[in-house]
file data32.tsv (TSV, C-alpha atoms)
chain	number	residue	atom	x	y	z
A	1	MET	CA	3.14	24.35	10.76
A	2	SER	CA	-0.17	22.92	11.81
A	3	ASP	CA	-2.73	20.60	10.27
A	4	HIS	CA	-4.88	23.64	9.58
A	5	GLU	CA	-2.28	25.06	7.19
A	6	TYR	CA	-2.68	21.93	5.08
A	7	GLY	CA	-6.44	21.73	5.40
A	8	GLY	CA	-5.81	18.80	7.73
A	9	ASN	CA	-8.06	16.95	10.08
A	10	ASP	CA	-7.81	17.23	13.85
A	11	ASP	CA	-8.78	13.54	14.06
A	12	LEU	CA	-5.52	12.39	12.45
A	13	SER	CA	-3.54	10.18	14.78
A	14	LEU	CA	-1.46	7.04	15.09
A	15	PRO	CA	-2.48	3.94	17.02
A	16	LYS	CA	-1.51	4.51	20.65
A	17	ALA	CA	-0.78	0.83	21.24
A	18	THR	CA	1.61	0.71	18.28
A	19	VAL	CA	3.46	3.82	19.41
A	20	GLN	CA	3.65	2.46	22.96
A	21	LYS	CA	5.06	-0.83	21.63
A	22	ILE	CA	7.75	1.01	19.64
A	23	VAL	CA	8.69	3.10	22.67
A	24	SER	CA	8.74	0.01	24.90
A	25	GLU	CA	11.15	-1.70	22.52
A	26	ILE	CA	13.44	1.32	22.68
A	27	LEU	CA	13.08	1.78	26.45
A	28	PRO	CA	12.86	-1.70	27.94
A	29	ALA	CA	11.45	-2.03	31.46
A	30	SER	CA	14.88	-3.13	32.68
A	31	SER	CA	16.23	0.37	31.93
A	32	GLY	CA	14.14	1.85	34.74
A	33	VAL	CA	12.92	4.61	32.43
A	34	SER	CA	9.19	4.99	31.98
A	35	PHE	CA	7.20	6.84	29.33
A	36	SER	CA	4.09	8.70	30.48
A	37	LYS	CA	0.82	8.69	28.57
A	38	ASP	CA	1.15	12.45	28.10
A	39	ALA	CA	4.60	11.98	26.59
A	40	ARG	CA	3.25	9.24	24.29
A	41	ASP	CA	0.38	11.49	23.17
A	42	LEU	CA	2.80	14.36	22.51
A	43	LEU	CA	5.06	12.01	20.53
A	44	ILE	CA	2.05	10.94	18.44
A	45	GLU	CA	1.18	14.59	17.73
A	46	CYS	CA	4.80	15.24	16.69
A	47	CYS	CA	4.79	12.20	14.39
A	48	VAL	CA	1.53	13.28	12.73
A	49	GLU	CA	2.93	16.79	12.28
A	50	PHE	CA	6.14	15.38	10.76
A	51	ILE	CA	4.19	13.14	8.37
A	52	THR	CA	2.00	16.09	7.37
A	53	LEU	CA	5.02	18.30	6.78
A	54	VAL	CA	6.94	15.74	4.70
A	55	SER	CA	3.92	14.62	2.68
A	56	SER	CA	2.94	18.21	1.93
A	57	GLU	CA	6.44	19.02	0.71
A	58	ALA	CA	6.56	15.78	-1.32
A	59	ASN	CA	3.21	16.69	-2.85
A	60	GLU	CA	4.55	20.10	-3.93
A	61	ILE	CA	7.60	18.43	-5.47
A	62	SER	CA	5.47	15.91	-7.36
A	63	GLU	CA	3.18	18.69	-8.62
A	64	LYS	CA	6.19	20.65	-9.90
A	65	GLU	CA	7.19	17.53	-11.84
A	66	ALA	CA	3.61	17.21	-13.14
A	67	LYS	CA	3.23	13.84	-11.43
A	68	LYS	CA	-0.05	12.63	-9.98
A	69	THR	CA	1.54	10.07	-7.66
A	70	ILE	CA	4.00	10.80	-4.88
A	71	ALA	CA	6.96	8.44	-5.28
A	72	CYS	CA	9.79	7.49	-2.92
A	73	ASP	CA	12.01	9.94	-4.76
A	74	HIS	CA	9.62	12.76	-3.87
A	75	ILE	CA	9.78	11.77	-0.19
A	76	THR	CA	13.57	11.77	-0.17
A	77	LYS	CA	13.68	15.13	-1.96
A	78	ALA	CA	11.20	16.51	0.59
A	79	LEU	CA	13.32	15.25	3.47
A	80	GLU	CA	16.37	16.90	1.94
A	81	THR	CA	14.52	20.18	1.29
A	82	LEU	CA	13.24	20.25	4.86
A	83	GLY	CA	16.69	19.61	6.33
A	84	PHE	CA	16.17	15.97	7.27
A	85	SER	CA	18.85	14.52	5.00
A	86	ASP	CA	20.10	12.31	7.84
A	87	TYR	CA	16.87	10.29	7.59
A	88	ILE	CA	17.25	9.46	3.89
A	89	PRO	CA	19.39	6.30	4.26
A	90	ALA	CA	16.93	4.84	6.80
A	91	VAL	CA	13.99	5.73	4.55
A	92	LEU	CA	15.61	4.10	1.53
A	93	ASP	CA	16.40	1.01	3.61
A	94	ALA	CA	12.78	0.81	4.82
A	95	ALA	CA	11.54	1.19	1.23
A	96	ALA	CA	13.82	-1.64	0.07
A	97	GLN	CA	12.62	-3.88	2.91
A	98	HIS	CA	9.01	-3.10	1.99
A	99	LYS	CA	9.65	-4.05	-1.64
A	100	GLU	CA	11.15	-7.38	-0.54
A	101	THR	CA	8.14	-8.06	1.68
A	102	GLN	CA	5.82	-7.34	-1.23
A	103	LYS	CA	7.75	-9.75	-3.47
A	104	VAL	CA	7.36	-12.52	-0.90
A	105	ARG	CA	3.63	-11.84	-0.67
A	106	GLU	CA	3.29	-11.97	-4.47
A	107	LYS	CA	5.20	-15.27	-4.59
A	108	ARG	CA	2.74	-16.86	-2.19
A	109	GLY	CA	0.35	-16.89	-5.09
A	110	ASN	CA	-3.28	-17.67	-5.23
A	111	LYS	CA	-4.43	-20.65	-3.15
A	112	PHE	CA	-7.25	-21.33	-5.62
A	113	GLU	CA	-4.87	-21.56	-8.58
A	114	GLU	CA	-2.35	-23.64	-6.63
A	115	SER	CA	-4.97	-26.13	-5.43
A	116	GLY	CA	-5.34	-27.69	-8.88
A	117	MET	CA	-9.06	-28.08	-8.20
A	118	THR	CA	-12.03	-26.58	-9.99
A	119	LEU	CA	-14.27	-24.12	-8.20
A	120	GLU	CA	-16.97	-26.79	-8.01
A	121	GLU	CA	-14.56	-29.28	-6.42
A	122	LEU	CA	-13.46	-26.70	-3.86
A	123	GLU	CA	-17.08	-25.83	-3.03
A	124	GLU	CA	-17.88	-29.55	-2.52
A	125	LEU	CA	-14.83	-29.97	-0.29
A	126	GLN	CA	-15.88	-26.93	1.74
A	127	ARG	CA	-19.42	-28.32	2.10
A	128	GLN	CA	-18.01	-31.66	3.30
A	129	GLN	CA	-15.74	-29.97	5.82
A	130	PHE	CA	-18.60	-27.85	7.20
A	131	GLU	CA	-20.74	-30.98	7.51
A	132	ALA	CA	-17.96	-32.84	9.33
A	133	ALA	CA	-17.50	-29.89	11.69
A	134	ARG	CA	-21.26	-29.79	12.41
A	135	GLU	CA	-21.23	-33.51	13.26
A	136	ARG	CA	-18.21	-33.11	15.59
A	137	HIS	CA	-19.84	-30.24	17.48
A	138	ALA	CA	-23.40	-31.57	17.58

call {"tool": "encode", "arguments": {"input": "data32.tsv", "output": "structure tokens"}}
result
Amino acid sequence: MSDHEYGGNDDLSLPKATVQKIVSEILPASSGVSFSKDARDLLIECCVEFITLVSSEANEISEKEAKKTIACDHITKALETLGFSDYIPAVLDAAAQHKETQKVREKRGNKFEESGMTLEELEELQRQQFEAARERHA
């Protein structure tokens, strides 16, 4: 199945540096195994195709359920339908880790609210700090 079957875009890709980093972590230099640029580019194309395939199937599942948002459950059902059931535990684990990361981000809160200062006080503090920086670098 190609991007064209889904009305896709030939410009879809993944960051080469990110893919190279992932591959480098799996194949450390000490192993003596290298990964060519052509192999990396082919891997990127395969990943994009896989994402397109799974998301298209998940979209069909969500439409059948009259949902307008694709949920994690739709992704796992798509993986199962497409014969990738072995990936489901890893996907669920990644989703759980993502939720935990989001909770930590939410707990960080708003620096403005936590400062205990009014907007005017913060603006004055900022002005003073800019002035001090100008004097140091003048």

call {"tool": "atom_distance", "arguments": {"input": "data32.tsv", "atom1": "CA of Leu42 (chain A)", "atom2": "CA of Asp73 (chain A)"}}
result
29.1 Å

call {"tool": "atom_distance", "arguments": {"input": "data32.tsv", "atom1": "CA of Glu80 (chain A)", "atom2": "CA of Arg40 (chain A)"}}
result
27.0 Å

call {"tool": "atom_distance", "arguments": {"input": "data32.tsv", "atom1": "CA of Gly32 (chain A)", "atom2": "CA of Cys46 (chain A)"}}
result
24.3 Å

call {"tool": "closest_atom_pairs", "arguments": {"input": "data32.tsv", "of": "region 20-114 of chain A", "to": "region 118-123 of chain A", "cutoff": "12 Å", "atoms": "only C-alpha atoms", "output": "CSV"}}
result
residue,atom,partner,partner_atom,distance
A:Lys111,CA,A:Leu122,CA,10.9
A:Phe112,CA,A:Leu119,CA,8.0
A:Glu113,CA,A:Thr118,CA,8.9
A:Glu114,CA,A:Thr118,CA,10.7

call {"tool": "write_last_selection", "arguments": {"input": "data32.tsv", "atoms": "C-alpha atoms", "output": "short mmCIF file (atom, residue, chain, number, x, y, z; two decimals), keeping the file's coordinate frame"}}
result
data_model
loop_
_atom_site.label_atom_id
_atom_site.label_comp_id
_atom_site.auth_asym_id
_atom_site.auth_seq_id
_atom_site.Cartn_x
_atom_site.Cartn_y
_atom_site.Cartn_z
CA LYS A 111 -4.43 -20.65 -3.15
CA PHE A 112 -7.25 -21.33 -5.62
CA GLU A 113 -4.87 -21.56 -8.58
CA GLU A 114 -2.35 -23.64 -6.63
#

call {"tool": "closest_residue", "arguments": {"input": "data32.tsv", "among": "A:His74, A:Gln129, A:Glu45, A:Gly83", "to": "Ile61 (chain A)", "atoms": "only C-alpha atoms"}}
result
A:His74

call {"tool": "residues_around", "arguments": {"input": "data32.tsv", "residues": "Pro15 (chain A)", "least_positions_apart": "4", "cutoff": "9 Å", "atoms": "all atoms listed in the file", "output": "list in words"}}
result
Val19, Gln20 and Ile44 of chain A

call {"tool": "residues_around", "arguments": {"input": "data32.tsv", "residues": "Cys72 (chain A)", "least_positions_apart": "5", "cutoff": "10 Å", "atoms": "only C-alpha atoms", "output": "PDB file with C-alpha atoms, in the coordinates of the input"}}
result
ATOM      1  CA  ALA A  58       6.560  15.780  -1.320  1.00  0.00           C
ATOM      2  CA  LYS A  77      13.680  15.130  -1.960  1.00  0.00           C
ATOM      3  CA  ALA A  78      11.200  16.510   0.590  1.00  0.00           C
ATOM      4  CA  VAL A  91      13.990   5.730   4.550  1.00  0.00           C
ATOM      5  CA  LEU A  92      15.610   4.100   1.530  1.00  0.00           C
ATOM      6  CA  ALA A  95      11.540   1.190   1.230  1.00  0.00           C
TER       7      ALA A  95
END
